[in-house]
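Novice: upload27.cif is reproduced below (mmCIF, C-alpha atoms and all ligand atoms).
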```
data_input
loop_
_atom_site.label_atom_id
_atom_site.label_comp_id
_atom_site.auth_asym_id
_atom_site.auth_seq_id
_atom_site.Cartn_x
_atom_site.Cartn_y
_atom_site.Cartn_z
CA MET A 1 32.33 31.27 35.76
CA ILE A 2 31.30 31.91 32.15
CA ILE A 3 28.60 34.57 31.89
CA VAL A 4 26.43 34.71 28.79
CA THR A 5 24.13 37.66 28.11
CA GLY A 6 21.05 37.54 25.89
CA ALA A 7 20.45 33.96 27.03
CA THR A 8 16.70 34.32 26.55
CA GLY A 9 17.26 35.15 22.88
CA ASN A 10 17.66 32.88 19.87
CA LEU A 11 21.44 32.85 19.82
CA GLY A 12 22.26 33.15 23.52
CA ARG A 13 19.93 30.32 24.49
CA ARG A 14 21.57 27.98 21.98
CA ILE A 15 25.02 29.04 23.18
CA VAL A 16 24.11 28.13 26.76
CA GLU A 17 22.73 24.77 25.59
CA ARG A 18 25.97 24.00 23.74
CA LEU A 19 28.03 25.24 26.74
CA LEU A 20 26.20 22.89 29.10
CA GLU A 21 27.42 19.97 26.95
CA ARG A 22 30.98 21.09 27.71
CA VAL A 23 31.10 22.47 31.27
CA PRO A 24 29.14 21.83 34.50
CA ALA A 25 26.05 24.02 34.92
CA GLY A 26 27.53 25.51 38.08
CA GLU A 27 30.23 27.14 35.94
CA VAL A 28 27.70 28.95 33.75
CA GLY A 29 25.77 32.12 34.55
CA VAL A 30 23.35 34.09 32.46
CA SER A 31 22.64 37.80 32.55
CA VAL A 32 19.13 38.34 31.25
CA ARG A 33 16.57 41.12 31.24
CA ASP A 34 13.78 38.84 32.44
CA ALA A 35 14.91 36.10 34.82
CA GLY A 36 11.44 34.55 34.57
CA LYS A 37 12.20 33.56 30.96
CA ALA A 38 15.27 31.59 32.11
CA GLY A 39 13.57 29.39 34.71
CA ASP A 40 14.49 26.23 32.79
CA LEU A 41 18.17 27.21 32.90
CA ALA A 42 17.97 27.89 36.66
CA ALA A 43 16.42 24.44 37.07
CA LYS A 44 19.50 22.96 35.38
CA GLY A 45 21.79 24.70 37.88
CA VAL A 46 22.75 27.73 35.77
CA ARG A 47 23.07 30.96 37.77
CA VAL A 48 20.37 33.33 36.52
CA ARG A 49 20.62 37.01 37.33
CA GLY A 50 18.91 40.08 35.95
CA GLY A 51 21.01 42.42 33.81
CA ASP A 52 20.08 45.12 31.31
CA PHE A 53 22.76 46.89 29.26
CA THR A 54 20.74 50.11 29.39
CA ARG A 55 20.79 49.95 33.20
CA PRO A 56 24.51 49.35 33.80
CA GLU A 57 24.06 49.24 37.57
CA THR A 58 22.27 45.89 37.13
CA LEU A 59 25.33 44.29 35.51
CA GLU A 60 27.54 44.41 38.62
CA SER A 61 25.50 41.61 40.15
CA SER A 62 24.85 39.61 36.98
CA PHE A 63 28.55 39.64 35.99
CA GLU A 64 29.83 38.98 39.54
CA GLY A 65 32.57 36.35 39.64
CA ALA A 66 32.98 36.26 35.86
CA ASP A 67 36.09 34.64 34.39
CA GLN A 68 34.67 35.23 30.93
CA VAL A 69 31.74 37.25 29.69
CA LEU A 70 30.12 36.66 26.32
CA VAL A 71 28.34 39.88 25.38
CA VAL A 72 25.60 39.03 22.91
CA SER A 73 25.11 42.27 21.00
CA ALA A 74 21.97 44.14 21.99
CA ALA A 75 19.63 44.84 19.07
CA ILE A 76 18.45 48.36 19.85
CA ARG A 77 17.15 50.29 16.88
CA GLY A 78 17.14 54.05 16.60
CA GLY A 79 20.38 54.69 18.51
CA GLY A 80 21.82 53.53 21.78
CA ALA A 81 23.10 50.11 20.67
CA PHE A 82 26.76 51.07 20.86
CA GLU A 83 26.32 52.66 24.29
CA ALA A 84 24.53 49.52 25.48
CA ASN A 85 27.30 47.23 24.22
CA LYS A 86 29.92 49.56 25.71
CA SER A 87 28.20 49.41 29.11
CA ALA A 88 28.28 45.62 28.98
CA ILE A 89 31.99 45.60 28.08
CA ASP A 90 32.79 48.09 30.84
CA ALA A 91 30.88 45.95 33.35
CA ALA A 92 32.77 42.84 32.22
CA VAL A 93 36.08 44.66 32.74
CA ALA A 94 34.92 45.91 36.16
CA ALA A 95 33.94 42.35 37.11
CA GLY A 96 37.54 41.26 36.45
CA ALA A 97 36.82 39.00 33.49
CA SER A 98 40.01 37.59 32.02
CA ARG A 99 38.45 37.35 28.56
CA ILE A 100 35.52 39.16 26.97
CA MET A 101 33.75 37.92 23.87
CA TYR A 102 31.36 39.86 21.72
CA THR A 103 29.04 38.68 18.96
CA SER A 104 30.01 40.92 16.08
CA HIS A 105 29.20 40.50 12.40
CA GLN A 106 31.03 39.24 9.33
CA ALA A 107 30.41 42.62 7.66
CA ALA A 108 31.28 44.89 10.62
CA SER A 109 32.58 48.14 9.16
CA PRO A 110 32.29 51.86 9.87
CA ARG A 111 31.54 52.30 6.15
CA SER A 112 28.75 49.72 5.90
CA LEU A 113 25.49 50.77 4.27
CA PHE A 114 23.66 48.71 6.93
CA PRO A 115 23.78 50.62 10.27
CA PRO A 116 24.15 47.61 12.63
CA GLN A 117 27.53 46.90 11.00
CA GLN A 118 28.72 50.36 12.03
CA VAL A 119 27.71 49.57 15.62
CA HIS A 120 29.56 46.23 15.50
CA ALA A 121 32.69 47.93 14.15
CA ALA A 122 32.60 50.61 16.86
CA THR A 123 32.03 47.97 19.56
CA GLN A 124 34.94 45.83 18.29
CA ASP A 125 37.19 48.90 18.31
CA TYR A 126 36.11 49.81 21.81
CA LEU A 127 36.65 46.27 23.06
CA ALA A 128 40.18 46.32 21.65
CA THR A 129 41.03 49.42 23.73
CA ARG A 130 40.11 47.84 27.07
CA ASN A 131 43.37 45.91 27.59
CA VAL A 132 41.60 42.66 28.36
CA PRO A 133 42.02 39.63 26.08
CA PHE A 134 39.00 39.65 23.80
CA VAL A 135 37.32 37.85 20.95
CA ALA A 136 34.94 39.47 18.47
CA LEU A 137 33.03 36.66 16.78
CA ARG A 138 32.27 37.91 13.27
CA ASN A 139 29.03 36.00 12.82
CA GLY A 140 27.53 35.48 9.39
CA PHE A 141 24.17 36.93 8.44
CA TYR A 142 21.46 34.97 10.21
CA ALA A 143 19.58 32.67 7.84
CA ASN A 144 16.44 33.13 9.92
CA ALA A 145 16.32 36.78 8.77
CA LEU A 146 14.78 35.34 5.58
CA ALA A 147 11.56 34.93 7.59
CA ILE A 148 10.60 38.48 6.59
CA HIS A 149 10.07 37.32 2.98
CA LEU A 150 7.92 34.29 3.70
CA ASP A 151 4.51 35.95 4.10
CA SER A 152 4.56 37.61 0.69
CA ALA A 153 6.33 34.65 -0.95
CA LEU A 154 3.60 32.27 0.21
CA SER A 155 0.63 34.59 -0.29
CA THR A 156 1.61 36.13 -3.65
CA GLY A 157 4.16 33.69 -5.06
CA GLN A 158 6.64 36.55 -5.29
CA ILE A 159 9.50 38.06 -3.34
CA THR A 160 9.20 41.67 -4.50
CA VAL A 161 12.02 43.74 -3.02
CA PRO A 162 14.88 46.01 -4.16
CA GLN A 163 17.99 44.62 -5.81
CA ASP A 164 19.98 42.55 -3.31
CA GLY A 165 23.19 40.55 -3.59
CA PRO A 166 24.66 37.27 -2.40
CA VAL A 167 24.59 36.63 1.35
CA SER A 168 26.24 33.74 3.20
CA TRP A 169 23.08 32.93 5.18
CA THR A 170 24.32 31.27 8.38
CA ALA A 171 22.42 29.16 10.89
CA HIS A 172 22.11 30.11 14.56
CA GLU A 173 22.89 26.48 15.44
CA ASP A 174 26.38 26.66 13.92
CA LEU A 175 27.16 30.10 15.32
CA ALA A 176 26.09 29.00 18.81
CA GLU A 177 28.25 25.89 18.61
CA ALA A 178 31.24 27.97 17.51
CA ALA A 179 30.73 30.42 20.38
CA ALA A 180 30.52 27.59 22.93
CA ILE A 181 33.68 26.01 21.51
CA ALA A 182 35.49 29.38 21.59
CA LEU A 183 34.41 29.98 25.21
CA THR A 184 35.78 26.60 26.27
CA SER A 185 39.05 26.77 24.29
CA ALA A 186 41.89 28.93 25.53
CA ASP A 187 43.58 29.82 22.26
CA LEU A 188 41.25 28.91 19.41
CA ILE A 189 40.41 32.49 18.50
CA ALA A 190 41.98 35.72 19.73
CA GLY A 191 40.94 39.23 18.77
CA ILE A 192 38.72 39.85 15.78
CA SER A 193 37.80 36.51 14.22
CA SER A 194 37.70 35.56 10.58
CA PRO A 195 34.17 35.70 9.15
CA LEU A 196 32.10 32.85 10.62
CA THR A 197 29.80 32.00 7.76
CA ALA A 198 28.03 29.27 5.86
CA SER A 199 29.84 27.78 2.89
CA THR A 200 27.91 29.46 0.10
CA SER A 201 26.44 32.87 -0.70
CA LEU A 202 22.96 33.05 -2.19
CA ASP A 203 20.87 35.97 -3.38
CA LEU A 204 17.10 36.23 -3.11
CA GLY A 205 16.67 34.73 -6.58
CA ASP A 206 18.42 31.62 -5.28
CA VAL A 207 16.29 31.73 -2.12
CA ALA A 208 13.10 31.96 -4.23
CA ALA A 209 14.23 28.86 -6.16
CA ILE A 210 14.85 26.95 -2.92
CA LEU A 211 11.47 28.02 -1.54
CA SER A 212 9.85 26.81 -4.78
CA ARG A 213 11.47 23.39 -4.28
CA LEU A 214 10.52 23.23 -0.60
CA THR A 215 6.89 24.29 -1.08
CA GLY A 216 6.23 22.75 -4.48
CA ARG A 217 4.94 26.14 -5.66
CA THR A 218 6.48 28.60 -8.08
CA ILE A 219 7.98 31.51 -6.13
CA THR A 220 9.47 34.26 -8.26
CA ARG A 221 11.92 36.95 -7.31
CA VAL A 222 10.79 40.37 -8.59
CA THR A 223 13.06 43.42 -8.33
CA ILE A 224 11.61 46.87 -7.75
CA ASP A 225 13.10 50.31 -7.39
CA ASP A 226 14.23 51.34 -3.86
CA ASP A 227 11.86 54.31 -3.60
CA GLU A 228 8.92 52.38 -5.00
CA TRP A 229 9.52 49.61 -2.46
CA LYS A 230 9.87 52.05 0.44
CA THR A 231 6.65 53.89 -0.49
CA ALA A 232 4.74 50.61 -0.75
CA ALA A 233 6.24 49.31 2.51
CA ILE A 234 5.21 52.44 4.40
CA ALA A 235 1.74 52.27 2.83
CA ARG A 236 1.50 48.71 4.20
CA GLY A 237 2.22 50.10 7.67
CA LEU A 238 5.98 49.70 8.04
CA PRO A 239 7.38 52.62 10.07
CA PRO A 240 9.64 54.80 7.84
CA MET A 241 12.62 54.15 10.14
CA VAL A 242 12.19 50.40 9.73
CA ALA A 243 11.80 50.79 5.96
CA ASP A 244 15.10 52.71 5.80
CA PHE A 245 16.74 50.07 7.98
CA SER A 246 15.63 47.29 5.62
CA LEU A 247 16.64 49.31 2.57
CA GLY A 248 20.14 49.60 4.02
CA MET A 249 20.31 45.83 4.14
CA PHE A 250 19.45 45.49 0.44
CA GLN A 251 21.93 48.23 -0.47
CA ALA A 252 24.72 46.64 1.55
CA ALA A 253 23.94 43.23 0.06
CA ARG A 254 24.09 44.48 -3.51
CA ARG A 255 27.41 46.17 -2.73
CA GLY A 256 28.67 42.71 -1.80
CA GLU A 257 29.10 43.34 1.92
CA PHE A 258 27.63 39.94 2.84
CA ASP A 259 29.13 37.97 -0.05
CA VAL A 260 31.79 36.27 2.05
CA ALA A 261 31.87 32.49 2.46
CA ASP A 262 34.78 31.60 4.71
CA PRO A 263 35.88 28.11 5.85
CA THR A 264 36.61 29.15 9.47
CA LEU A 265 33.18 28.25 10.88
CA GLU A 266 33.39 24.78 9.34
CA THR A 267 36.86 24.32 10.81
CA ILE A 268 35.73 25.36 14.30
CA VAL A 269 32.56 23.26 14.48
CA GLY A 270 34.12 20.32 12.62
CA HIS A 271 31.29 19.81 10.15
CA ARG A 272 29.83 21.54 7.16
CA PRO A 273 27.70 24.52 8.23
CA LEU A 274 23.96 24.00 7.81
CA PRO A 275 22.70 25.07 4.39
CA VAL A 276 20.03 27.75 4.12
CA GLU A 277 17.54 25.06 3.01
CA ASN A 278 17.63 23.79 6.58
CA THR A 279 16.61 27.11 8.13
CA LEU A 280 14.01 27.78 5.42
CA ALA A 281 12.45 24.36 6.05
CA GLN A 282 12.34 25.12 9.81
CA LEU A 283 10.73 28.50 9.16
CA LEU A 284 8.10 26.89 6.92
CA ASP A 285 7.42 24.14 9.50
CA ASN A 286 6.96 26.72 12.26
CA ARG A 287 4.33 28.71 10.39
N1 LIG B 1 24.39 38.12 12.53
C1 LIG B 1 23.23 38.61 12.12
O1 LIG B 1 22.84 38.48 10.97
C2 LIG B 1 22.31 39.31 13.07
C3 LIG B 1 20.99 39.57 12.69
C4 LIG B 1 20.14 40.18 13.60
C5 LIG B 1 20.61 40.52 14.86
N2 LIG B 1 21.92 40.25 15.19
C6 LIG B 1 22.47 40.56 16.52
O2 LIG B 1 22.64 39.34 17.23
C7 LIG B 1 22.04 39.44 18.52
C8 LIG B 1 21.55 38.08 18.99
O3 LIG B 1 20.67 37.57 18.01
P1 LIG B 1 19.39 36.73 18.41
O4 LIG B 1 18.93 36.06 17.18
O5 LIG B 1 19.63 35.96 19.63
O6 LIG B 1 18.36 37.93 18.74
P2 LIG B 1 17.15 37.87 19.76
O7 LIG B 1 16.50 36.54 19.75
O8 LIG B 1 16.32 39.06 19.46
O9 LIG B 1 17.85 38.06 21.17
C9 LIG B 1 18.43 39.26 21.55
C10 LIG B 1 18.78 39.14 23.01
O10 LIG B 1 19.34 40.39 23.43
C11 LIG B 1 18.70 40.73 24.67
N3 LIG B 1 18.69 42.18 24.85
C12 LIG B 1 18.05 43.10 24.12
N4 LIG B 1 18.23 44.31 24.65
C13 LIG B 1 18.99 44.15 25.75
C14 LIG B 1 19.48 45.02 26.74
N5 LIG B 1 19.22 46.32 26.73
N6 LIG B 1 20.24 44.49 27.73
C15 LIG B 1 20.51 43.18 27.79
N7 LIG B 1 20.07 42.29 26.87
C16 LIG B 1 19.30 42.78 25.88
C17 LIG B 1 17.28 40.20 24.53
O11 LIG B 1 16.67 40.07 25.79
P3 LIG B 1 15.13 39.65 25.94
O12 LIG B 1 15.11 38.14 25.77
O13 LIG B 1 14.79 40.09 27.30
O14 LIG B 1 14.37 40.37 24.86
C18 LIG B 1 17.55 38.85 23.87
O15 LIG B 1 17.87 37.88 24.83
C19 LIG B 1 20.95 40.48 18.33
O16 LIG B 1 20.63 41.08 19.57
C20 LIG B 1 21.57 41.45 17.36
O17 LIG B 1 22.40 42.38 18.02
C21 LIG B 1 22.76 39.66 14.33
#
```
Take the structure in the file and write it out as structure tokens.
Ligand SMILES: NC(=O)c1ccc[n+]([C@@H]2O[C@H](COP(=O)([O-])OP(=O)(O)OC[C@H]3O[C@@H](n4cnc5c(N)ncnc54)[C@H](OP(=O)(O)O)[C@@H]3O)[C@@H](O)[C@H]2O)c1
Specialist:
Amino acid sequence: MIIVTGATGNLGRRIVERLLERVPAGEVGVSVRDAGKAGDLAAKGVRVRGGDFTRPETLESSFEGADQVLVVSAAIRGGGAFEANKSAIDAAVAAGASRIMYTSHQAASPRSLFPPQQVHAATQDYLATRNVPFVALRNGFYANALAIHLDSALSTGQITVPQDGPVSWTAHEDLAEAAAIALTSADLIAGISSPLTASTSLDLGDVAAILSRLTGRTITRVTIDDDEWKTAAIARGLPPMVADFSLGMFQAARRGEFDVADPTLETIVGHRPLPVENTLAQLLDNR
């Protein structure tokens, strides 16, 4: 059985959908925090069991009978994310999985200026010590993260944030398809993958130009000083910890940490990865 965690989230749900095109539902299980949110998967014949990385005792049941476990990284801010991922990996080993996959990041590094990349690097390293065949999928930066700029872009005509840098904004759809293909292929990827990214890197000036085209309005990218931005963000009600988190993303981007456009994702999925226009159009439609 292939167990997928985080299957009630944006990525995990799409991975399960792509998996069900490739294997019978009876061979797929999901480990989710809230089984009630996965009722549609249960109706399709997917095994749904409750599992929370921060309550490792719950994972024994949700990972039971696993041949493979795909650990979708837990997004836990303010500490504890590595421990949560580690608990999931340990539970997958204890369940006897013959292969463990983990959704890492293209920019995973202990030296990253963006803290989640340090967690991904530590998790990859830990996974590699467990003596079980593993795959760390180095996913590109999610294109849907651009949603945070839409409110101000549409209300003020400006994206006013600190200096950024090019990012290979990558669509969930392509990353989910790649994960499902990897889970159903014995030898396609082993160990830490190449970066799985869209084909181009774009900075927020490029994004503003695309938004202008999509909306028919002029949207301008305005750069402000880090401290000025943080002060204004906190004044608008953003918790200081979240402001620092976001600042780390801009700082990592301008250092070029996300400026990697690699052909591996295109090779795996067999088509050109979706351009960022696609995700931006979806985000605009869903407003
Ligand atoms: N590549 C990137 O650029 C990027 C950007 C942002 C995040 N990420 C990482 O990618 C992951 C998946 O992305 P996504 O878009 O699917 O995010 P998402 O929609 O927020 O889904 C996250 C999933 O993780 C589950 N989860 C959270 N805490 C958990 C815990 N303690 N134990 C078990 N499961 C837990 C959530 O469960 P519930 O449904 O119950 O909430 C949800 O299903 C994120 O969690 C984050 O680690 C990557």
Novice: Distance limit 7 Å, reference ligand LIG 1 (chain B), atoms considered: only C-alpha atoms and all ligand atoms. Which residues make the cut? Give them as number ranges by chain.
Specialist: A: 5-12, 32-34, 51-54, 72-76, 84, 103, 105, 139-142, 145
Novice: Rounded to one decimal in Å, what is the spacing between CA of Ser61 in chain A and CA of Gly96 in chain A?
Specialist: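 Atom-to-atom, CA of Ser61 in chain A to CA of Gly96 in chain A, that is 12.6 Å.
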Novice: Of the residues A:Met249, A:Leu284, A:Ser109, A:Leu196, which is the one nearest to Ala182 in chain A, using all atoms listed in the file?
Specialist: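 Closest to Ala182 in chain A, using all atoms listed in the file: A:Leu196.
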Novice: Find the spatial neighbours of range 14-22 of chain A, counting only C-alpha atoms, within a cut-off of 6 Å - ignore same-chain residues fewer than 5 positions away - and output them as a PyMOL selection string.
Specialist: chain A and resi 176-177+180
Novice: Please produce, as a tab-separated table, a per-residue contact table for range 177-234 of chain A versus range 151-158 of chain A (criterion: any atom at most 9 Å away, all atoms listed in the file considered), showing the nearest atom pair and its distance in Å to one decimal, sorted by chain then residue number.
Specialist:
```
residue	atom	partner	partner_atom	distance
A:Ala208	CA	A:Ala153	CA	8.0
A:Leu211	CA	A:Ala153	CA	8.4
A:Ser212	CA	A:Gly157	CA	8.9
A:Thr215	CA	A:Leu154	CA	8.7
A:Arg217	CA	A:Gly157	CA	7.6
A:Thr218	CA	A:Gly157	CA	6.4
A:Ile219	CA	A:Gly157	CA	4.5
A:Thr220	CA	A:Gln158	CA	4.7
A:Arg221	CA	A:Gln158	CA	5.7
A:Val222	CA	A:Gln158	CA	6.5
```
Novice: How far is it from CA of Ser98 in chain A to CA of His120 in chain A, in Å with one decimal?
Specialist: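 Distance between the two atoms: 21.4 Å.
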Novice: Select, from A:Ala261, A:Val161, A:Ala38, A:Leu137, the residue with the minimum atom-to-atom distance to Ala232 in chain A, counting only C-alpha atoms.
Specialist: A:Val161
Novice: Near Met101 in chain A, counting all atoms listed in the file, which residues have an atom at most 6 Å away, once you skip same-chain residues fewer than 3 positions from it, shown as a PyMOL selection string?
Specialist: chain A and resi 70-71+134-136
Novice: So that I have them on file, write out the residues from the current selection with C-alpha atoms, as a short mmCIF file (atom, residue, chain, number, x, y, z; two decimals), keeping the file's coordinate frame.
Specialist:
```
data_model
loop_
_atom_site.label_atom_id
_atom_site.label_comp_id
_atom_site.auth_asym_id
_atom_site.auth_seq_id
_atom_site.Cartn_x
_atom_site.Cartn_y
_atom_site.Cartn_z
CA LEU A 70 30.12 36.66 26.32
CA VAL A 71 28.34 39.88 25.38
CA PHE A 134 39.00 39.65 23.80
CA VAL A 135 37.32 37.85 20.95
CA ALA A 136 34.94 39.47 18.47
#
```
Novice: Tell me which of A:Thr200, A:Ser87, A:Ser168, A:Asn144 sits closest to Leu283 in chain A, counting all atoms listed in the file.
Specialist: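 The closest residue to Leu283 in chain A is A:Asn144.
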Novice: Return the single residue from A:Asp225, A:Asp206, A:Asp187, A:Asp125 that is closest to Glu277 in chain A, with distances computed using only C-alpha atoms.
Specialist: A:Asp206
Novice: Please report the interatomic distance between CA of Ala143 in chain A and CA of Ala198 in chain A in Å with one decimal.
Specialist: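 Atom-to-atom, CA of Ala143 in chain A and CA of Ala198 in chain A are spaced 9.3 Å apart.
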Novice: Enclose all atoms of range 242-259 of chain A listed in the file in an axis-aligned box, grow every side by 3 Å, and hand back centre and edge lengths in Å to one decimal, as lines of an AutoDock Vina configuration file.
Specialist:
```
center_x = 20.5
center_y = 45.3
center_z = 3.1
size_x = 23.3
size_y = 20.7
size_z = 19.2
```
Novice: For Asp226 in chain A, which residue among A:Thr197, A:Glu266, A:Thr160, A:Ala171 is the nearest when counting all atoms listed in the file?
Specialist: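 The answer is A:Thr160, which sits nearest to Asp226 in chain A.
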Novice: Can you list, as a PyMOL selection string, every protein, DNA or RNA residue that comes within 9 Å of Ala243 in chain A when you count all atoms listed in the file, leaving out same-chain residues fewer than 2 positions away?
Specialist: chain A and resi 229-231+233-234+238-241+245-248
Novice: Find the residue from A:Ile224, A:Ala92, A:Ala147, A:Val242 that sits nearest to Thr279 in chain A; use all atoms listed in the file when measuring.
Specialist: A:Ala147
